[in-house]
>>> print(open('structure17.cif').read())   # mmCIF, C-alpha atoms
data_run
loop_
_atom_site.label_atom_id
_atom_site.label_comp_id
_atom_site.auth_asym_id
_atom_site.auth_seq_id
_atom_site.Cartn_x
_atom_site.Cartn_y
_atom_site.Cartn_z
CA MET W 292 0.00 0.00 0.00
CA PRO W 293 1.29 3.51 -0.73
CA SER W 294 2.38 5.54 2.25
CA ASP W 295 0.08 8.29 3.50
CA ASP W 296 3.20 10.39 4.17
CA SER W 297 3.88 11.07 0.50
CA PRO W 298 3.54 14.77 -0.34
CA PRO W 299 0.29 15.77 -2.05
CA GLU W 300 0.47 16.87 -5.64
CA SER W 301 -0.49 20.28 -7.00
CA PRO W 302 -2.87 20.64 -9.97
CA THR W 303 0.21 20.70 -12.24
CA GLY W 304 1.39 17.35 -10.91
CA ALA W 305 4.34 18.73 -8.95
CA PRO W 306 4.59 17.81 -5.26
CA LYS W 307 3.37 20.54 -2.92
CA VAL W 308 5.87 21.89 -0.45
CA ARG W 309 4.79 21.32 3.12
CA GLU W 310 5.23 24.39 5.29
CA PRO W 311 6.46 23.69 8.82
CA ILE W 312 4.31 25.13 11.59
CA PHE W 313 7.35 26.40 13.44
CA ASP W 314 10.66 26.91 11.68
CA ALA W 315 13.25 29.17 13.32
CA PRO W 316 17.01 28.83 13.81
CA LEU W 317 18.17 27.56 17.17
CA VAL W 318 19.75 30.89 18.14
CA VAL W 319 16.41 32.67 17.68
CA VAL W 320 14.55 30.08 19.74
CA ALA W 321 17.26 30.24 22.43
CA LEU W 322 17.10 34.04 22.60
CA VAL W 323 13.33 34.01 23.03
CA ALA W 324 13.61 31.25 25.63
CA VAL W 325 16.12 33.33 27.61
CA LEU W 326 13.85 36.39 27.54
CA ILE W 327 10.85 34.38 28.72
CA ALA W 328 12.83 32.50 31.39
CA LEU W 329 14.30 35.72 32.77
CA HIS W 330 10.88 37.33 32.97
CA ALA W 331 9.48 34.24 34.69
CA LEU W 332 12.20 34.49 37.32
CA TYR W 333 11.67 38.25 37.63
CA SER W 334 7.92 37.91 38.07
CA LEU W 335 8.42 35.50 40.98
CA GLN W 336 10.42 38.00 43.00
CA SER W 337 9.13 40.39 45.62
CA GLU W 338 8.50 43.99 44.69
CA GLN W 339 11.61 45.04 46.58
CA THR W 340 13.77 42.52 44.71
CA GLN W 341 12.25 43.57 41.39
CA ASP W 342 13.15 47.19 42.14
CA ALA W 343 16.70 46.07 42.95
CA ILE W 344 16.93 44.18 39.65
CA VAL W 345 15.67 47.20 37.73
CA GLY W 346 18.14 49.42 39.56
CA GLN W 347 21.04 47.15 38.66
CA PHE W 348 20.19 46.18 35.08
CA ALA W 349 17.68 48.64 33.56
CA PHE W 350 19.02 51.64 31.66
CA ILE W 351 18.39 54.91 33.50
CA PRO W 352 19.42 57.82 31.25
CA GLY W 353 20.02 60.29 34.06
CA ARG W 354 22.45 57.89 35.72
CA LEU W 355 24.75 58.05 32.71
CA THR W 356 24.35 61.82 32.49
CA LEU W 357 25.30 62.41 36.14
CA ALA W 358 28.30 60.10 35.78
CA LEU W 359 29.53 62.24 32.89
CA TRP W 360 28.37 65.67 34.12
CA PRO W 361 27.78 65.65 37.90
CA ALA W 362 26.92 69.38 37.87
CA ARG W 363 23.60 68.51 36.20
CA LEU W 364 22.37 67.26 39.59
CA GLY W 365 22.38 70.80 40.98
CA GLU W 366 20.29 71.99 38.04
CA LEU W 367 17.69 69.30 38.76
CA LEU W 368 17.53 69.93 42.51
CA SER W 369 17.18 73.68 42.00
CA ARG W 370 13.88 73.07 40.21
CA VAL W 371 12.38 70.54 42.63
CA ASN W 372 10.22 73.09 44.47
CA LEU W 373 9.10 74.78 41.26
CA ASP W 374 8.56 71.95 38.79
CA SER W 375 6.49 68.82 39.47
CA GLU W 376 8.37 66.94 36.74
CA ALA W 377 11.70 67.75 38.42
CA LEU W 378 10.28 66.55 41.73
CA GLN W 379 9.19 63.27 40.16
CA GLN W 380 12.62 62.73 38.59
CA ALA W 381 14.36 63.50 41.87
CA SER W 382 12.14 60.94 43.58
CA LEU W 383 13.09 58.29 41.01
CA LEU W 384 16.75 59.24 41.44
CA ARG W 385 16.54 58.47 45.16
CA HIS W 386 14.38 55.36 44.69
CA PHE W 387 16.93 53.66 42.41
CA HIS W 388 19.99 54.89 44.35
CA VAL W 389 21.41 56.52 41.26
CA LEU W 390 23.98 58.66 43.05
CA GLN W 391 25.57 55.67 44.78
CA ASP W 392 25.75 53.40 41.76
CA GLY W 393 27.82 55.23 39.16
CA ALA W 394 27.38 54.91 35.39
CA LYS W 395 26.63 51.15 35.15
CA PRO W 396 27.57 51.00 31.44
CA TRP W 397 26.39 47.38 31.15
CA THR W 398 22.82 48.58 31.49
CA LEU W 399 23.04 49.88 27.90
CA LEU W 400 22.53 46.22 26.96
CA THR W 401 21.04 44.43 29.96
CA TYR W 402 17.89 46.56 29.95
CA ALA W 403 16.78 44.63 26.86
CA PHE W 404 16.46 41.46 28.94
CA ILE W 405 14.04 42.94 31.50
CA HIS W 406 10.32 43.25 30.78
CA GLY W 407 7.50 44.79 32.72
CA SER W 408 4.76 42.23 32.01
CA TRP W 409 4.00 38.98 30.22
CA SER W 410 2.36 40.89 27.38
CA HIS W 411 5.51 43.00 27.06
CA VAL W 412 7.89 40.04 26.79
CA GLY W 413 5.36 38.13 24.68
CA LEU W 414 5.03 40.87 22.07
CA ASN W 415 8.80 41.32 21.83
CA SER W 416 9.25 37.55 21.49
CA ILE W 417 6.74 37.44 18.63
CA TRP W 418 8.64 40.15 16.75
CA ILE W 419 11.95 38.33 17.27
CA ILE W 420 10.46 35.10 15.93
CA ALA W 421 8.97 36.99 12.96
CA PHE W 422 12.06 38.95 11.89
CA GLY W 423 14.94 37.11 13.53
CA PRO W 424 15.08 33.94 11.36
CA PRO W 425 16.13 35.56 8.05
CA ILE W 426 18.83 37.54 9.87
CA ALA W 427 20.09 34.49 11.78
CA ARG W 428 20.18 32.35 8.64
CA ARG W 429 22.18 34.96 6.78
CA LEU W 430 24.55 36.09 9.52
CA GLY W 431 24.96 32.97 11.62
CA PRO W 432 24.35 32.82 15.37
CA TRP W 433 27.19 34.99 16.67
CA ARG W 434 26.76 37.86 14.23
CA PHE W 435 23.02 37.68 14.80
CA LEU W 436 23.54 38.08 18.56
CA GLY W 437 26.05 40.85 17.89
CA LEU W 438 23.49 42.73 15.81
CA PHE W 439 20.84 42.21 18.49
CA ALA W 440 23.20 43.63 21.13
CA ALA W 441 24.33 46.55 18.98
CA THR W 442 20.78 47.63 18.14
CA ALA W 443 19.80 47.43 21.81
CA ILE W 444 22.75 49.65 22.74
CA ALA W 445 21.97 52.06 19.90
CA GLY W 446 18.37 52.30 21.09
CA ALA W 447 19.45 53.12 24.64
CA LEU W 448 21.91 55.79 23.48
CA PHE W 449 19.39 57.40 21.14
CA HIS W 450 16.83 57.47 23.94
CA TRP W 451 19.45 58.99 26.26
CA ALA W 452 20.32 61.70 23.73
CA PHE W 453 16.76 63.07 24.01
CA ALA W 454 16.14 62.35 27.71
CA MET W 455 19.43 62.96 29.45
CA MET W 456 17.93 63.85 32.82
CA GLU W 457 15.20 61.21 32.75
CA PHE W 458 15.32 58.74 35.65
CA THR W 459 12.50 56.48 34.53
CA PRO W 460 14.09 53.07 33.78
CA LEU W 461 14.17 51.88 30.18
CA ILE W 462 13.43 48.15 29.82
CA GLY W 463 12.52 45.70 27.06
CA ALA W 464 13.89 44.33 23.80
CA SER W 465 11.80 46.57 21.53
CA ALA W 466 14.77 48.59 20.25
CA ALA W 467 16.59 45.39 19.29
CA ASP W 468 13.40 44.04 17.68
CA SER W 469 13.24 47.21 15.60
CA GLY W 470 16.86 46.73 14.58
CA LEU W 471 16.15 43.20 13.36
CA MET W 472 13.18 44.47 11.32
CA ALA W 473 15.35 47.14 9.73
CA ALA W 474 18.19 44.74 8.95
CA ALA W 475 15.78 42.32 7.28
CA THR W 476 14.61 45.01 4.87
CA ARG W 477 18.16 45.23 3.49
CA PHE W 478 17.76 41.94 1.61
CA VAL W 479 14.44 40.08 2.11
CA PHE W 480 12.59 41.97 -0.65
CA GLU W 481 15.31 41.37 -3.25
CA PRO W 482 14.47 39.12 -6.24
CA GLY W 483 15.13 35.55 -5.17
CA GLY W 484 15.19 36.52 -1.50
CA PRO W 485 12.85 35.31 1.26
CA LEU W 486 10.10 37.78 0.26
CA GLY W 487 11.34 38.60 -3.20
CA GLY W 488 8.89 36.53 -5.21
CA ALA W 489 5.47 37.56 -6.39
CA GLY W 490 3.90 35.54 -3.60
CA GLY W 491 6.89 35.57 -1.29
CA TYR W 492 9.09 32.67 -0.30
CA SER W 493 9.61 30.73 2.89
CA ARG W 494 12.36 28.65 4.46
CA SER W 495 11.27 25.52 2.63
CA ALA W 496 10.09 27.09 -0.63
CA PRO W 497 12.23 26.43 -3.69
CA GLY W 498 14.40 29.41 -4.60
CA ALA W 499 14.42 31.18 -1.24
CA ASP W 500 17.97 32.59 -0.95
CA TYR W 501 19.04 34.14 2.36
CA ASP W 502 22.39 35.06 0.82
CA VAL W 503 20.86 37.12 -1.97
CA PRO W 504 22.95 40.26 -2.69
CA ALA W 505 21.85 43.24 -0.61
CA PRO W 506 21.82 46.41 -2.71
CA PRO W 507 23.34 49.74 -1.68
CA LEU W 508 20.97 52.14 0.05
CA ARG W 509 20.51 54.38 -2.97
CA GLN W 510 19.20 51.45 -4.99
CA LEU W 511 17.27 49.93 -2.10
CA LEU W 512 15.30 53.13 -1.49
CA ARG W 513 14.01 53.03 -5.07
CA GLU W 514 12.21 49.75 -4.40
CA ARG W 515 8.52 50.34 -3.74
CA ARG W 516 7.96 47.57 -1.18
CA VAL W 517 10.91 48.71 0.90
CA VAL W 518 9.72 52.32 0.91
CA ILE W 519 6.18 51.25 1.86
CA PHE W 520 7.53 49.12 4.71
CA LEU W 521 9.68 51.99 6.01
CA VAL W 522 6.83 54.51 5.87
CA ILE W 523 4.41 52.16 7.65
CA TRP W 524 6.96 51.30 10.34
CA LEU W 525 7.88 54.92 11.02
CA ALA W 526 4.23 56.00 11.12
CA THR W 527 3.09 53.21 13.44
CA ASN W 528 6.13 53.64 15.69
CA PHE W 529 5.30 57.31 16.12
CA ILE W 530 1.54 56.89 16.52
CA PHE W 531 1.62 53.93 18.91
CA GLY W 532 4.85 55.03 20.56
CA ALA W 533 4.60 58.75 21.08
CA GLY W 534 0.83 58.52 21.47
CA ALA W 535 0.55 55.23 23.38
CA GLN W 536 -0.74 56.80 26.58
CA THR W 537 -2.93 59.30 24.75
CA PHE W 538 -4.66 56.54 22.79
CA GLY W 539 -4.85 54.21 25.79
CA VAL W 540 -2.56 51.62 24.18
CA SER W 541 -0.24 51.59 27.18
CA GLU W 542 -0.40 52.85 30.74
CA ALA W 543 3.35 53.49 30.79
CA PRO W 544 5.25 55.72 28.36
CA VAL W 545 6.67 53.90 25.32
CA ALA W 546 10.30 54.69 24.48
CA TRP W 547 9.65 55.16 20.77
CA LEU W 548 12.93 57.03 20.33
CA ALA W 549 14.80 53.91 21.48
CA HIS W 550 12.93 51.96 18.80
CA LEU W 551 14.05 54.53 16.26
CA GLY W 552 17.68 54.28 17.37
CA GLY W 553 17.70 50.50 17.10
CA PHE W 554 15.99 50.64 13.72
CA ALA W 555 18.49 53.17 12.38
CA LEU W 556 21.49 51.05 13.34
CA GLY W 557 19.98 47.88 11.91
CA PHE W 558 19.15 49.61 8.64
CA PHE W 559 22.25 51.70 8.03
CA LEU W 560 24.97 49.53 9.60
CA PHE W 561 23.75 46.08 8.58
CA PRO W 562 26.67 45.71 6.13
CA LEU W 563 29.11 45.75 9.06
CA PHE W 564 27.55 42.56 10.41
CA ASP W 565 27.04 40.74 7.13
CA ARG W 566 29.45 37.86 6.67
CA ARG W 567 29.49 38.46 2.94
CA PRO W 568 30.20 42.22 2.72
CA ALA W 569 31.43 41.96 -0.87
CA ARG W 570 27.89 41.08 -1.95
CA PHE W 571 26.67 44.56 -1.10
CA THR W 572 28.03 46.04 -4.32
CA ARG W 573 26.78 45.04 -7.70
#
>>> encode(input="structure17.cif", output="C-alpha cells")
Amino acid sequence: MPSDDSPPESPTGAPKVREPIFDAPLVVVALVAVLIALHALYSLQSEQTQDAIVGQFAFIPGRLTLALWPARLGELLSRVNLDSEALQQASLLRHFHVLQDGAKPWTLLTYAFIHGSWSHVGLNSIWIIAFGPPIARRLGPWRFLGLFAATAIAGALFHWAFAMMEFTPLIGASAADSGLMAAATRFVFEPGGPLGGAGGYSRSAPGADYDVPAPPLRQLLRERRVVIFLVIWLATNFIFGAGAQTFGVSEAPVAWLAHLGGFALGFFLFPLFDRRPARFTR
C-alpha cells in the first residue's frame, strides 16, 4: 500500500511543499527562551527585589548623564520646588539609588532582557520570531547576537540623547526588535530573497535565498515595497509610541525614540555585520 506520508500533488502534478508550523534557527529560539525565562524568574520575585533588579540592570538615562556631568544634579535639585516633573525625577533618582551606583555601562545592553509584564515580553518575542530567522540564517548565530546587542545599545543611546535627565528606567527588547526588522529590509525583498517573489518565499520554498545580494541604500530606497515598509513602520512607531498613553494603548510611556535608534542602526549599519560584505556592491 502507498504511504500516506507522501507529499500531495499540486494541480500541475508537482509535489506541494509542506510548510512547517514552526521553523526558526536555534539561536532565535534560544534568545526568546532566555527572555521568557528571565521574565518568569523576575515575576516570581518580591516587589523590593524587582526594584533592585531594575536598579542594577535597567538603563536609567540620568544615571549616565550624572556620571559624565555631575553638575547637572544641581540643576535638577534647584527646580524641585518649582517643577512637578523635576520633583518626580528627583524621587526616582533616590528610589533607584542613582547617586551611589555610578554609570553602570552594562545597562546599555542588559535593559533589553528585562520586561514589565508577560504581554511585554510576549510581544517582543513574537517580533523576534517573525524577523529574527532571516537575519540568523544569513549572519549565523554569533553575528546575529552581535546585531541584536548593537541595536539594543543604539536604542538606549538614542533614547538617552533626548532624555538625558530622565530617571525612569528603560526596559525591554523593543529597540533590538526594531533593529532586526530594519536589517531584514536590506535583503528580504530582493528578487530571489525570502520575500522577493510575487507571492513571497519561505524557508522551505524552492528558490528562497538568504544570501541574496543586498543592494546599496541608494538602490534599495528606489524599491517600492521597501519604501512602503519603512513609511508604515515609522508612522506606526510614532503613533503607537509617542501617542501610546494618549490613545490608551499603554499605561506606561513607550520609548519610541529607542525603537528609532535601534531601527536606524539595523538599517544603516547592517553591512558591518554581514558575513558576505562583498555582496553589497553590484
>>> resolve_selection(input="structure17.cif", expression="the PyMOL selection byres ((chain W and resi 451) around 9)", output="PDB file with C-alpha atoms, in the coordinates of the input")
ATOM      1  CA  ILE W 351      18.390  54.910  33.500  1.00  0.00           C
ATOM      2  CA  PRO W 352      19.420  57.820  31.250  1.00  0.00           C
ATOM      3  CA  GLY W 353      20.020  60.290  34.060  1.00  0.00           C
ATOM      4  CA  LEU W 355      24.750  58.050  32.710  1.00  0.00           C
ATOM      5  CA  THR W 356      24.350  61.820  32.490  1.00  0.00           C
ATOM      6  CA  GLY W 446      18.370  52.300  21.090  1.00  0.00           C
ATOM      7  CA  ALA W 447      19.450  53.120  24.640  1.00  0.00           C
ATOM      8  CA  LEU W 448      21.910  55.790  23.480  1.00  0.00           C
ATOM      9  CA  PHE W 449      19.390  57.400  21.140  1.00  0.00           C
ATOM     10  CA  HIS W 450      16.830  57.470  23.940  1.00  0.00           C
ATOM     11  CA  ALA W 452      20.320  61.700  23.730  1.00  0.00           C
ATOM     12  CA  PHE W 453      16.760  63.070  24.010  1.00  0.00           C
ATOM     13  CA  ALA W 454      16.140  62.350  27.710  1.00  0.00           C
ATOM     14  CA  MET W 455      19.430  62.960  29.450  1.00  0.00           C
ATOM     15  CA  MET W 456      17.930  63.850  32.820  1.00  0.00           C
ATOM     16  CA  GLU W 457      15.200  61.210  32.750  1.00  0.00           C
ATOM     17  CA  ALA W 549      14.800  53.910  21.480  1.00  0.00           C
TER      18      ALA W 549
END
>>> residues_near_point(input="structure17.cif", point="(17.1, 33.6, 12.1)", cutoff="9 Å", atoms="all atoms listed in the file", output="list of chain:residue names")
W:Ala315, W:Pro316, W:Leu317, W:Val318, W:Val319, W:Val320, W:Ile419, W:Ile420, W:Ala421, W:Phe422, W:Gly423, W:Pro424, W:Pro425, W:Ile426, W:Ala427, W:Arg428, W:Arg429, W:Leu430, W:Gly431, W:Pro432, W:Phe435
>>> resolve_selection(input="structure17.cif", expression="the PyMOL selection byres ((chain W and resi 387) around 10)", output="list in words")
Asp342, Ala343, Ile344, Val345, Gly346, Gln347, Ile351, Arg354, Ser382, Leu383, Leu384, Arg385, His386, His388, Val389, Leu390, Gln391, Asp392, Phe458, Thr459 and Pro460 of chain W
>>> atom_distance(input="structure17.cif", atom1="atom CA of Glu366 of chain W", atom2="atom CA of Gln380 of chain W")
12.0 Å
>>> resolve_selection(input="structure17.cif", expression="the PyMOL selection byres ((chain W and resi 412) around 12)", output="PyMOL selection string")
chain W and resi 322-331+333-334+403-411+413-419+462-465+468
>>> atom_distance(input="structure17.cif", atom1="atom CA of Leu399 of chain W", atom2="atom CA of Ile444 of chain W")
5.2 Å
>>> residues_around(input="structure17.cif", residues="Thr401 of chain W", least_positions_apart="4", cutoff="8 Å", atoms="all atoms listed in the file", output="count of residues only")
5
>>> atom_distance(input="structure17.cif", atom1="atom CA of Leu548 of chain W", atom2="atom CA of Ala443 of chain W")
11.9 Å
>>> closest_residue(input="structure17.cif", among="W:Ile519, W:Gly553, W:Trp524, W:Phe561", to="Phe478 of chain W", atoms="only C-alpha atoms")
W:Phe561
>>> residues_near_point(input="structure17.cif", point="(20.4, 44.4, 18.6)", cutoff="8 Å", atoms="all atoms listed in the file", output="list in words")
Leu436, Gly437, Leu438, Phe439, Ala440, Ala441, Thr442, Ala443, Ile444, Ala445, Ala466, Ala467, Asp468, Gly470, Leu471, Gly553 and Gly557 of chain W
>>> residues_around(input="structure17.cif", residues="Leu508 of chain W", least_positions_apart="4", cutoff="9 Å", atoms="only C-alpha atoms", output="PDB file with C-alpha atoms, in the coordinates of the input")
ATOM      1  CA  ARG W 477      18.160  45.230   3.490  1.00  0.00           C
ATOM      2  CA  LEU W 512      15.300  53.130  -1.490  1.00  0.00           C
ATOM      3  CA  ARG W 513      14.010  53.030  -5.070  1.00  0.00           C
ATOM      4  CA  PHE W 559      22.250  51.700   8.030  1.00  0.00           C
TER       5      PHE W 559
END
>>> build_atoms(input="structure17.cif", residues="segment 321-339 of chain W", atoms="N, CA and C atoms", output="mmCIF file, keeping the file's coordinate frame")
data_model
loop_
_atom_site.group_PDB
_atom_site.id
_atom_site.type_symbol
_atom_site.label_atom_id
_atom_site.label_comp_id
_atom_site.auth_asym_id
_atom_site.auth_seq_id
_atom_site.Cartn_x
_atom_site.Cartn_y
_atom_site.Cartn_z
ATOM 1 N N ALA W 321 16.538 30.112 21.159
ATOM 2 C CA ALA W 321 17.260 30.240 22.430
ATOM 3 C C ALA W 321 17.133 31.648 22.998
ATOM 4 N N LEU W 322 17.225 32.661 22.136
ATOM 5 C CA LEU W 322 17.100 34.040 22.600
ATOM 6 C C LEU W 322 15.722 34.297 23.196
ATOM 7 N N VAL W 323 14.694 33.850 22.510
ATOM 8 C CA VAL W 323 13.330 34.010 23.030
ATOM 9 C C VAL W 323 13.153 33.252 24.334
ATOM 10 N N ALA W 324 13.721 32.045 24.402
ATOM 11 C CA ALA W 324 13.610 31.250 25.630
ATOM 12 C C ALA W 324 14.283 31.958 26.801
ATOM 13 N N VAL W 325 15.420 32.597 26.549
ATOM 14 C CA VAL W 325 16.120 33.330 27.610
ATOM 15 C C VAL W 325 15.263 34.502 28.087
ATOM 16 N N LEU W 326 14.682 35.253 27.157
ATOM 17 C CA LEU W 326 13.850 36.390 27.540
ATOM 18 C C LEU W 326 12.667 35.948 28.395
ATOM 19 N N ILE W 327 12.018 34.861 27.979
ATOM 20 C CA ILE W 327 10.850 34.380 28.720
ATOM 21 C C ILE W 327 11.264 33.826 30.082
ATOM 22 N N ALA W 328 12.366 33.070 30.123
ATOM 23 C CA ALA W 328 12.830 32.500 31.390
ATOM 24 C C ALA W 328 13.215 33.596 32.382
ATOM 25 N N LEU W 329 13.910 34.623 31.893
ATOM 26 C CA LEU W 329 14.300 35.720 32.770
ATOM 27 C C LEU W 329 13.082 36.459 33.321
ATOM 28 N N HIS W 330 12.074 36.646 32.473
ATOM 29 C CA HIS W 330 10.880 37.330 32.970
ATOM 30 C C HIS W 330 10.136 36.447 33.970
ATOM 31 N N ALA W 331 10.125 35.137 33.736
ATOM 32 C CA ALA W 331 9.480 34.240 34.690
ATOM 33 C C ALA W 331 10.153 34.344 36.057
ATOM 34 N N LEU W 332 11.474 34.352 36.064
ATOM 35 C CA LEU W 332 12.200 34.490 37.320
ATOM 36 C C LEU W 332 11.937 35.858 37.966
ATOM 37 N N TYR W 333 11.923 36.886 37.131
ATOM 38 C CA TYR W 333 11.670 38.250 37.630
ATOM 39 C C TYR W 333 10.288 38.364 38.249
ATOM 40 N N SER W 334 9.312 37.781 37.600
ATOM 41 C CA SER W 334 7.920 37.910 38.070
ATOM 42 C C SER W 334 7.696 37.179 39.390
ATOM 43 N N LEU W 335 8.569 36.240 39.733
ATOM 44 C CA LEU W 335 8.420 35.500 40.980
ATOM 45 C C LEU W 335 9.027 36.213 42.182
ATOM 46 N N GLN W 336 9.731 37.291 41.923
ATOM 47 C CA GLN W 336 10.420 38.000 43.000
ATOM 48 C C GLN W 336 9.482 38.982 43.701
ATOM 49 N N SER W 337 9.884 39.367 44.889
ATOM 50 C CA SER W 337 9.130 40.390 45.620
ATOM 51 C C SER W 337 9.296 41.737 44.945
ATOM 52 N N GLU W 338 8.420 42.660 45.290
ATOM 53 C CA GLU W 338 8.500 43.990 44.690
ATOM 54 C C GLU W 338 9.834 44.660 45.008
ATOM 55 N N GLN W 339 10.332 44.452 46.195
ATOM 56 C CA GLN W 339 11.610 45.040 46.580
ATOM 57 C C GLN W 339 12.754 44.465 45.740
#
